[in-house]
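Report on one structure; see the data block that follows.
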Number of protein chains: 2
Amino acid sequence: MGKVSYPSGYYVRFSPPSPVVLVTCISRDGRANIITIGMYMPISFDPPLLAIGVSPKRYSHSLIEETGEFVVNVPGRDLVDAAVLCGSVSGRVVDKFKEAKLTAIPASKVKPPLIAECIAHFECRVYDKFTAGDHTIFIGEVVAVSIEEKAVKENVLDVTKTQPISHRGRYYFTPSLFYEAKK
Amino acid sequence: MGKVSYPSGYYVRFSPPSPVVLVTCISRDGRANIITIGMYMPISFDPPLLAIGVSPKRYSHSLIEETGEFVVNVPGRDLVDAAVLCGSVSGRVVDKFKEAKLTAIPASKVKPPLIAECIAHFECRVYDKFTAGDHTIFIGEVVAVSIEEKAVKENVLDVTKTQPISHRGRYYFTPSLFYEAKK
């Protein structure tokens, strides 16, 4: 098969593209921030829990610990520049909403705002947190869900239409449908 | 923006497609199994750790607990039928290698086999495990990495060529490149 070995650390580079989401959080005194997250996965159906990975070095890590709340916002490909920007500057020094020309709108059940330009929003309260090497896994209990009306088809995200994004390194992708399993 | 609310549990259906990997594990008496996993993410660079989510109801959950080892195998789109199959039958009653026409080959550092037909292989020892609602997060320390020689471009997975897969519900996708961030 022509398989070759690489150092263990290369597993990240050789992983399938990871979904990219924009997580919003807020300081106790009401200053909102955005962090681009490439470590996101649904993890429990009942209760509805999701997992994100955040480095303790990041400003957003302290905000999420401070308030115990965050929102997962799902961007479409039109927001790729904003995603790259929000993943490369720190909210300690920059107002990312302003810098990335994104609009903060109130969430329904948590303090961090939603990003109006995103497709979908999962409002979360921190349910648990775990340390895994150089990152923290925050487990968010989803307490409210909202989505662009036109983005839903047969009760699922219409992926072809909305074009959510994934990345591997500096390459960004949208998903192309190639297979439909039987119901 | 035409946003509408849904019950919290809908967050899974509205998430971006999740990468699909085939995880191999083995019983103490040497019987190998495959489980299709839609909850996978890299989580730590140093040490190199990855996270997978597995329901305690699954046969593979007991195997991973039993031996403390598993392998993440990255399938291409040619293996989508095998991925659907290995996600819908139980290794308690079926030999999935045989059923899915996949070839088990020895790993270099762990007991569970690699799936020869897959693009890349991340051999793992269980580093930690956490309960998150109805799933267990197994944290695997990556102890060996191998990959098809032709699948690597500039030290990263050549996604366009290899076509790893993701899914949302019963819809399966390959990634289409649309953006390259500056180095």
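By convention in this document, the chains of the structure tokens carry letters A, B, ... by their order, each chain's residues are numbered from 1, and ligands are numbered from 1 in the order they are shown.
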
Counting only C-alpha atoms, which residues in stretch 38-96 of chain B sit no more than 9 Å from stretch 13-18 of chain B? For each one, give the nearest pair of atoms and the distance in Å, sorted by chain then residue number, as a tab-separated table.
residue	atom	partner	partner_atom	distance
B:Gly38	CA	B:Ser18	CA	5.8
B:Met39	CA	B:Ser18	CA	6.9
B:Tyr40	CA	B:Ser18	CA	7.7

Within 7 Å of A:Ile119, counting only C-alpha atoms, which residues qualify if same-chain residues fewer than 4 places away don't, as a PyMOL selection string? chain A and resi 74-76+147-148

Next, write the just-selected residues to a file, as a PDB file, in the first residue's frame, keeping N, CA, C and O atoms as the atom set.
ATOM      1  N   VAL A  74     -22.384  28.958  13.861  1.00  0.00           N
ATOM      2  CA  VAL A  74     -21.935  28.240  12.662  1.00  0.00           C
ATOM      3  C   VAL A  74     -21.824  29.210  11.486  1.00  0.00           C
ATOM      4  O   VAL A  74     -22.834  29.743  11.027  1.00  0.00           O
ATOM      5  N   PRO A  75     -20.573  29.449  11.001  1.00  0.00           N
ATOM      6  CA  PRO A  75     -20.417  30.378   9.877  1.00  0.00           C
ATOM      7  C   PRO A  75     -20.549  29.668   8.532  1.00  0.00           C
ATOM      8  O   PRO A  75     -20.251  28.474   8.408  1.00  0.00           O
ATOM      9  N   GLY A  76     -20.950  30.404   7.509  1.00  0.00           N
ATOM     10  CA  GLY A  76     -20.912  29.918   6.130  1.00  0.00           C
ATOM     11  C   GLY A  76     -19.632  30.390   5.467  1.00  0.00           C
ATOM     12  O   GLY A  76     -18.838  31.127   6.061  1.00  0.00           O
ATOM     13  N   ILE A 147     -31.695  29.136  14.210  1.00  0.00           N
ATOM     14  CA  ILE A 147     -31.105  28.909  12.884  1.00  0.00           C
ATOM     15  C   ILE A 147     -31.862  29.722  11.844  1.00  0.00           C
ATOM     16  O   ILE A 147     -33.046  30.018  12.026  1.00  0.00           O
ATOM     17  N   GLU A 148     -31.158  30.085  10.809  1.00  0.00           N
ATOM     18  CA  GLU A 148     -31.764  30.793   9.692  1.00  0.00           C
ATOM     19  C   GLU A 148     -32.845  29.883   9.106  1.00  0.00           C
ATOM     20  O   GLU A 148     -32.570  28.719   8.793  1.00  0.00           O
TER      21      GLU A 148
END

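Look at A:Tyr127: the protein and nucleic acid residues within 8 Å of it, using only C-alpha atoms and passing over chain neighbours fewer than 3 places away, are Leu49, Phe138, Ile139, Gly140 and Glu141 of chain A.
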
Could you write those residues out with N, CA and C atoms, as a PDB file, in the first residue's frame?
ATOM      1  N   LEU A  49     -25.342  17.803  24.697  1.00  0.00           N
ATOM      2  CA  LEU A  49     -24.041  18.367  25.078  1.00  0.00           C
ATOM      3  C   LEU A  49     -23.122  18.430  23.863  1.00  0.00           C
ATOM      4  N   PHE A 138     -14.189  22.035  26.960  1.00  0.00           N
ATOM      5  CA  PHE A 138     -15.380  22.549  27.635  1.00  0.00           C
ATOM      6  C   PHE A 138     -16.581  21.785  27.101  1.00  0.00           C
ATOM      7  N   ILE A 139     -17.356  21.209  27.989  1.00  0.00           N
ATOM      8  CA  ILE A 139     -18.598  20.542  27.606  1.00  0.00           C
ATOM      9  C   ILE A 139     -19.726  21.546  27.828  1.00  0.00           C
ATOM     10  N   GLY A 140     -20.412  21.897  26.759  1.00  0.00           N
ATOM     11  CA  GLY A 140     -21.505  22.861  26.859  1.00  0.00           C
ATOM     12  C   GLY A 140     -22.848  22.173  26.808  1.00  0.00           C
ATOM     13  N   GLU A 141     -23.698  22.493  27.764  1.00  0.00           N
ATOM     14  CA  GLU A 141     -25.084  22.006  27.665  1.00  0.00           C
ATOM     15  C   GLU A 141     -25.848  22.994  26.790  1.00  0.00           C
TER      16      GLU A 141
END

Write out as a count of residues only which residues come within 12 Å of A:Pro164 when counting only C-alpha atoms, dropping same-chain ones fewer than 2 positions away. 41

Just the residues within 12 Å of A:Glu65, please, counting only C-alpha atoms, with nothing from its chain fewer than 3 positions along; format it as a list in words. Cys25, Ile26, Ser27, Arg28, Val54, Pro56, Arg58, Tyr59, Ser60, His61, Ser62, Gly68, Glu69, Phe70, Arg125, Val126, Tyr127, Asp128, Lys129, Thr136, Ile137, Phe138, Ile139 and Gly140 of chain A

Could those selected residues go to a file with N, CA, C and O atoms, as a short mmCIF file (atom, residue, chain, number, x, y, z; two decimals), in the first residue's frame?
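The resulting part.cif:
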data_model
loop_
_atom_site.label_atom_id
_atom_site.label_comp_id
_atom_site.auth_asym_id
_atom_site.auth_seq_id
_atom_site.Cartn_x
_atom_site.Cartn_y
_atom_site.Cartn_z
N CYS A 25 -18.13 34.65 23.64
CA CYS A 25 -18.10 34.61 25.10
C CYS A 25 -18.07 36.06 25.57
O CYS A 25 -18.04 36.99 24.76
N ILE A 26 -18.11 36.26 26.87
CA ILE A 26 -18.24 37.64 27.37
C ILE A 26 -17.59 37.76 28.75
O ILE A 26 -17.57 36.79 29.52
N SER A 27 -17.04 38.93 29.02
CA SER A 27 -16.45 39.16 30.35
C SER A 27 -17.55 39.55 31.33
O SER A 27 -18.66 39.91 30.93
N ARG A 28 -17.21 39.49 32.62
CA ARG A 28 -18.21 39.85 33.64
C ARG A 28 -18.74 41.27 33.45
O ARG A 28 -19.88 41.56 33.72
N VAL A 54 -10.26 24.39 23.77
CA VAL A 54 -9.71 25.75 23.84
C VAL A 54 -8.39 25.71 24.61
O VAL A 54 -8.30 25.10 25.68
N PRO A 56 -5.66 27.00 27.15
CA PRO A 56 -5.70 27.88 28.34
C PRO A 56 -4.98 29.21 28.11
O PRO A 56 -5.17 30.15 28.87
N ARG A 58 -5.55 31.15 25.65
CA ARG A 58 -6.44 32.07 24.94
C ARG A 58 -7.27 32.91 25.91
O ARG A 58 -7.71 32.44 26.95
N TYR A 59 -7.50 34.15 25.50
CA TYR A 59 -8.31 35.09 26.29
C TYR A 59 -9.72 34.51 26.51
O TYR A 59 -10.27 34.57 27.62
N SER A 60 -10.27 33.89 25.47
CA SER A 60 -11.62 33.33 25.57
C SER A 60 -11.71 32.23 26.63
O SER A 60 -12.78 32.01 27.21
N HIS A 61 -10.61 31.52 26.86
CA HIS A 61 -10.59 30.48 27.88
C HIS A 61 -10.95 31.07 29.24
O HIS A 61 -11.79 30.53 29.98
N SER A 62 -10.34 32.21 29.56
CA SER A 62 -10.62 32.85 30.85
C SER A 62 -12.06 33.39 30.90
O SER A 62 -12.72 33.31 31.93
N GLY A 68 -19.02 30.96 32.64
CA GLY A 68 -19.65 29.65 32.49
C GLY A 68 -20.62 29.57 31.33
O GLY A 68 -21.48 28.68 31.28
N GLU A 69 -20.49 30.49 30.37
CA GLU A 69 -21.40 30.49 29.23
C GLU A 69 -20.65 30.75 27.93
O GLU A 69 -19.65 31.48 27.92
N PHE A 70 -21.13 30.18 26.85
CA PHE A 70 -20.60 30.50 25.52
C PHE A 70 -21.65 30.14 24.47
O PHE A 70 -22.62 29.44 24.78
N ARG A 125 -24.37 26.49 28.37
CA ARG A 125 -23.82 26.69 29.71
C ARG A 125 -22.78 25.61 29.95
O ARG A 125 -22.99 24.46 29.54
N VAL A 126 -21.67 25.97 30.58
CA VAL A 126 -20.63 24.98 30.83
C VAL A 126 -21.17 23.89 31.76
O VAL A 126 -21.64 24.18 32.86
N TYR A 127 -21.11 22.66 31.29
CA TYR A 127 -21.68 21.51 32.00
C TYR A 127 -20.56 20.77 32.72
O TYR A 127 -20.75 20.21 33.80
N ASP A 128 -19.37 20.81 32.11
CA ASP A 128 -18.20 20.14 32.68
C ASP A 128 -16.98 20.66 31.94
O ASP A 128 -17.10 21.28 30.88
N LYS A 129 -15.80 20.42 32.48
CA LYS A 129 -14.59 20.71 31.72
C LYS A 129 -13.50 19.74 32.09
O LYS A 129 -13.43 19.26 33.24
N THR A 136 -8.13 22.56 26.92
CA THR A 136 -9.25 22.26 27.81
C THR A 136 -10.44 21.87 26.94
O THR A 136 -10.72 22.54 25.94
N ILE A 137 -11.10 20.79 27.32
CA ILE A 137 -12.37 20.45 26.67
C ILE A 137 -13.49 21.05 27.51
O ILE A 137 -13.68 20.66 28.67
N PHE A 138 -14.19 22.03 26.96
CA PHE A 138 -15.38 22.55 27.64
C PHE A 138 -16.58 21.78 27.10
O PHE A 138 -16.79 21.71 25.87
N ILE A 139 -17.36 21.21 27.99
CA ILE A 139 -18.60 20.54 27.61
C ILE A 139 -19.73 21.55 27.83
O ILE A 139 -19.93 22.02 28.95
N GLY A 140 -20.41 21.90 26.76
CA GLY A 140 -21.51 22.86 26.86
C GLY A 140 -22.85 22.17 26.81
O GLY A 140 -23.09 21.35 25.92
#

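For the choices A:Val84, A:Val145, A:Leu177, A:Ile52, the atom-to-atom distance to A:Thr131 is smallest for A:Ile52 when using only C-alpha atoms.
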
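The two atoms in question, atom CA of B:Ile37 and atom CA of B:Val72, are spaced 9.1 Å apart.
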
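Running DSSP on the backbone and keeping only alpha helix (DSSP H), the residues of stretch 9-156 of chain A that qualify are Tyr59, Ser60, His61, Ser62, Leu63, Ile64, Glu65, Glu66, Thr67, Val80, Asp81, Ala82, Ala83, Val84, Leu85, Cys86, Lys96, Phe97, Lys98 and Glu99 of chain A.
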
Name the residues in contact with A:Ala32 at a cut-off of 12 Å, using only C-alpha atoms, excluding same-chain residues fewer than 4 positions from it; report them as an NGL selection string. :A and (23-28 or 59-60 or 63-64 or 67 or 69-71 or 91-92 or 94-98 or 102-106 or 111-115)

Out of stretch 87-167 of chain B, which residues get strand (DSSP E) from DSSP, as a ChimeraX atom specification? /B:104-105,114-115,120-132,135-148,152-153,156-157,166-167

Could you save the residues just selected, with N, CA, C and O atoms, as a CSV table (one decimal), in the first residue's frame?
chain,number,residue,atom,x,y,z
B,104,ALA,N,-7.3,-6.4,7.5
B,104,ALA,CA,-6.6,-6.1,8.8
B,104,ALA,C,-5.1,-6.4,8.6
B,104,ALA,O,-4.7,-7.4,8.2
B,105,ILE,N,-4.3,-5.3,8.9
B,105,ILE,CA,-2.8,-5.5,8.9
B,105,ILE,C,-2.3,-5.1,10.2
B,105,ILE,O,-2.9,-4.2,10.9
B,114,LEU,N,-4.5,-2.2,11.8
B,114,LEU,CA,-4.8,-1.1,10.9
B,114,LEU,C,-5.8,-1.7,9.8
B,114,LEU,O,-5.8,-2.9,9.5
B,115,ILE,N,-6.5,-0.8,9.2
B,115,ILE,CA,-7.3,-1.1,8.0
B,115,ILE,C,-6.5,-0.7,6.8
B,115,ILE,O,-6.4,0.4,6.5
B,120,ALA,N,-4.8,6.9,6.3
B,120,ALA,CA,-3.9,7.2,7.3
B,120,ALA,C,-4.3,6.4,8.6
B,120,ALA,O,-5.5,6.0,8.8
B,121,HIS,N,-3.4,6.2,9.5
B,121,HIS,CA,-3.6,5.4,10.7
B,121,HIS,C,-2.9,6.1,11.9
B,121,HIS,O,-1.7,6.4,11.8
B,122,PHE,N,-3.7,6.3,13.0
B,122,PHE,CA,-3.2,6.9,14.2
B,122,PHE,C,-3.3,5.9,15.3
B,122,PHE,O,-4.4,5.7,15.8
B,123,GLU,N,-2.2,5.3,15.7
B,123,GLU,CA,-2.2,4.3,16.7
B,123,GLU,C,-2.2,4.9,18.1
B,123,GLU,O,-1.4,5.8,18.3
B,124,CYS,N,-3.2,4.5,18.9
B,124,CYS,CA,-3.4,5.2,20.2
B,124,CYS,C,-3.4,4.3,21.4
B,124,CYS,O,-3.9,3.2,21.3
B,125,ARG,N,-2.9,4.9,22.5
B,125,ARG,CA,-3.1,4.2,23.8
B,125,ARG,C,-4.1,5.2,24.6
B,125,ARG,O,-3.9,6.4,24.5
B,126,VAL,N,-5.0,4.6,25.4
B,126,VAL,CA,-5.9,5.5,26.1
B,126,VAL,C,-5.2,6.2,27.2
B,126,VAL,O,-4.4,5.7,28.0
B,127,TYR,N,-5.3,7.5,27.1
B,127,TYR,CA,-4.5,8.5,28.0
B,127,TYR,C,-5.4,8.9,29.1
B,127,TYR,O,-5.0,9.1,30.2
B,128,ASP,N,-6.7,9.0,28.8
B,128,ASP,CA,-7.7,9.4,29.8
B,128,ASP,C,-9.1,9.1,29.2
B,128,ASP,O,-9.2,8.9,28.1
B,129,LYS,N,-10.1,9.2,30.1
B,129,LYS,CA,-11.5,9.0,29.6
B,129,LYS,C,-12.4,9.8,30.5
B,129,LYS,O,-12.2,10.0,31.7
B,130,PHE,N,-13.4,10.4,29.8
B,130,PHE,CA,-14.3,11.3,30.5
B,130,PHE,C,-15.7,10.9,30.1
B,130,PHE,O,-16.0,10.5,29.0
B,131,THR,N,-16.7,11.1,31.0
B,131,THR,CA,-18.1,10.9,30.7
B,131,THR,C,-18.7,12.2,30.4
B,131,THR,O,-18.6,13.2,31.1
B,132,ALA,N,-19.4,12.3,29.2
B,132,ALA,CA,-20.1,13.5,28.8
B,132,ALA,C,-21.5,13.1,28.4
B,132,ALA,O,-21.7,12.7,27.3
B,135,HIS,N,-22.3,9.7,26.2
B,135,HIS,CA,-21.1,9.2,25.5
B,135,HIS,C,-19.9,9.3,26.4
B,135,HIS,O,-19.8,10.1,27.4
B,136,THR,N,-18.9,8.5,26.1
B,136,THR,CA,-17.6,8.5,26.7
B,136,THR,C,-16.6,9.2,25.8
B,136,THR,O,-16.6,8.9,24.6
B,137,ILE,N,-15.9,10.1,26.3
B,137,ILE,CA,-14.8,10.7,25.5
B,137,ILE,C,-13.5,9.9,25.8
B,137,ILE,O,-13.0,10.0,27.0
B,138,PHE,N,-13.0,9.2,24.9
B,138,PHE,CA,-11.7,8.5,25.1
B,138,PHE,C,-10.6,9.4,24.5
B,138,PHE,O,-10.7,9.9,23.4
B,139,ILE,N,-9.6,9.8,25.3
B,139,ILE,CA,-8.5,10.5,24.9
B,139,ILE,C,-7.4,9.6,24.5
B,139,ILE,O,-6.9,8.8,25.4
B,140,GLY,N,-7.0,9.6,23.3
B,140,GLY,CA,-5.9,8.7,22.9
B,140,GLY,C,-4.6,9.4,22.7
B,140,GLY,O,-4.5,10.4,22.1
B,141,GLU,N,-3.6,8.8,23.3
B,141,GLU,CA,-2.2,9.4,23.0
B,141,GLU,C,-1.7,8.7,21.7
B,141,GLU,O,-1.7,7.5,21.6
B,142,VAL,N,-1.4,9.5,20.8
B,142,VAL,CA,-0.9,9.0,19.5
B,142,VAL,C,0.5,8.5,19.6
B,142,VAL,O,1.4,9.2,20.0
B,143,VAL,N,0.7,7.2,19.4
B,143,VAL,CA,2.0,6.6,19.6
B,143,VAL,C,2.7,6.2,18.3
B,143,VAL,O,3.9,5.9,18.3
B,144,ALA,N,1.9,6.2,17.2
B,144,ALA,CA,2.5,5.9,15.9
B,144,ALA,C,1.6,6.4,14.8
B,144,ALA,O,0.3,6.4,15.0
B,145,VAL,N,2.2,7.0,13.8
B,145,VAL,CA,1.4,7.5,12.6
B,145,VAL,C,1.9,6.9,11.3
B,145,VAL,O,3.1,6.9,11.1
B,146,SER,N,1.0,6.5,10.5
B,146,SER,CA,1.4,6.1,9.2
B,146,SER,C,0.4,6.5,8.2
B,146,SER,O,-0.8,6.7,8.5
B,147,ILE,N,0.8,6.7,6.9
B,147,ILE,CA,0.0,7.3,5.9
B,147,ILE,C,0.4,6.8,4.5
B,147,ILE,O,1.6,6.5,4.3
B,148,GLU,N,-0.5,6.8,3.6
B,148,GLU,CA,-0.2,6.4,2.2
B,148,GLU,C,0.8,7.5,1.7
B,148,GLU,O,0.5,8.7,1.8
B,152,VAL,N,0.3,12.6,1.0
B,152,VAL,CA,0.9,13.8,1.7
B,152,VAL,C,1.4,14.8,0.6
B,152,VAL,O,2.1,14.5,-0.3
B,153,LYS,N,1.1,16.1,0.9
B,153,LYS,CA,1.5,17.2,0.1
B,153,LYS,C,2.0,18.3,1.0
B,153,LYS,O,1.2,18.7,1.8
B,156,VAL,N,1.2,17.9,4.7
B,156,VAL,CA,-0.2,17.9,5.2
B,156,VAL,C,-0.9,16.9,4.3
B,156,VAL,O,-0.5,16.6,3.2
B,157,LEU,N,-2.1,16.4,4.8
B,157,LEU,CA,-2.9,15.5,4.0
B,157,LEU,C,-3.4,16.2,2.8
B,157,LEU,O,-3.9,17.4,2.9
B,166,SER,N,-17.0,13.3,5.5
B,166,SER,CA,-17.7,13.8,6.7
B,166,SER,C,-19.2,13.5,6.5
B,166,SER,O,-19.6,13.1,5.4
B,167,HIS,N,-20.0,13.6,7.6
B,167,HIS,CA,-21.4,13.3,7.4
B,167,HIS,C,-22.2,14.2,8.3
B,167,HIS,O,-21.8,14.8,9.3
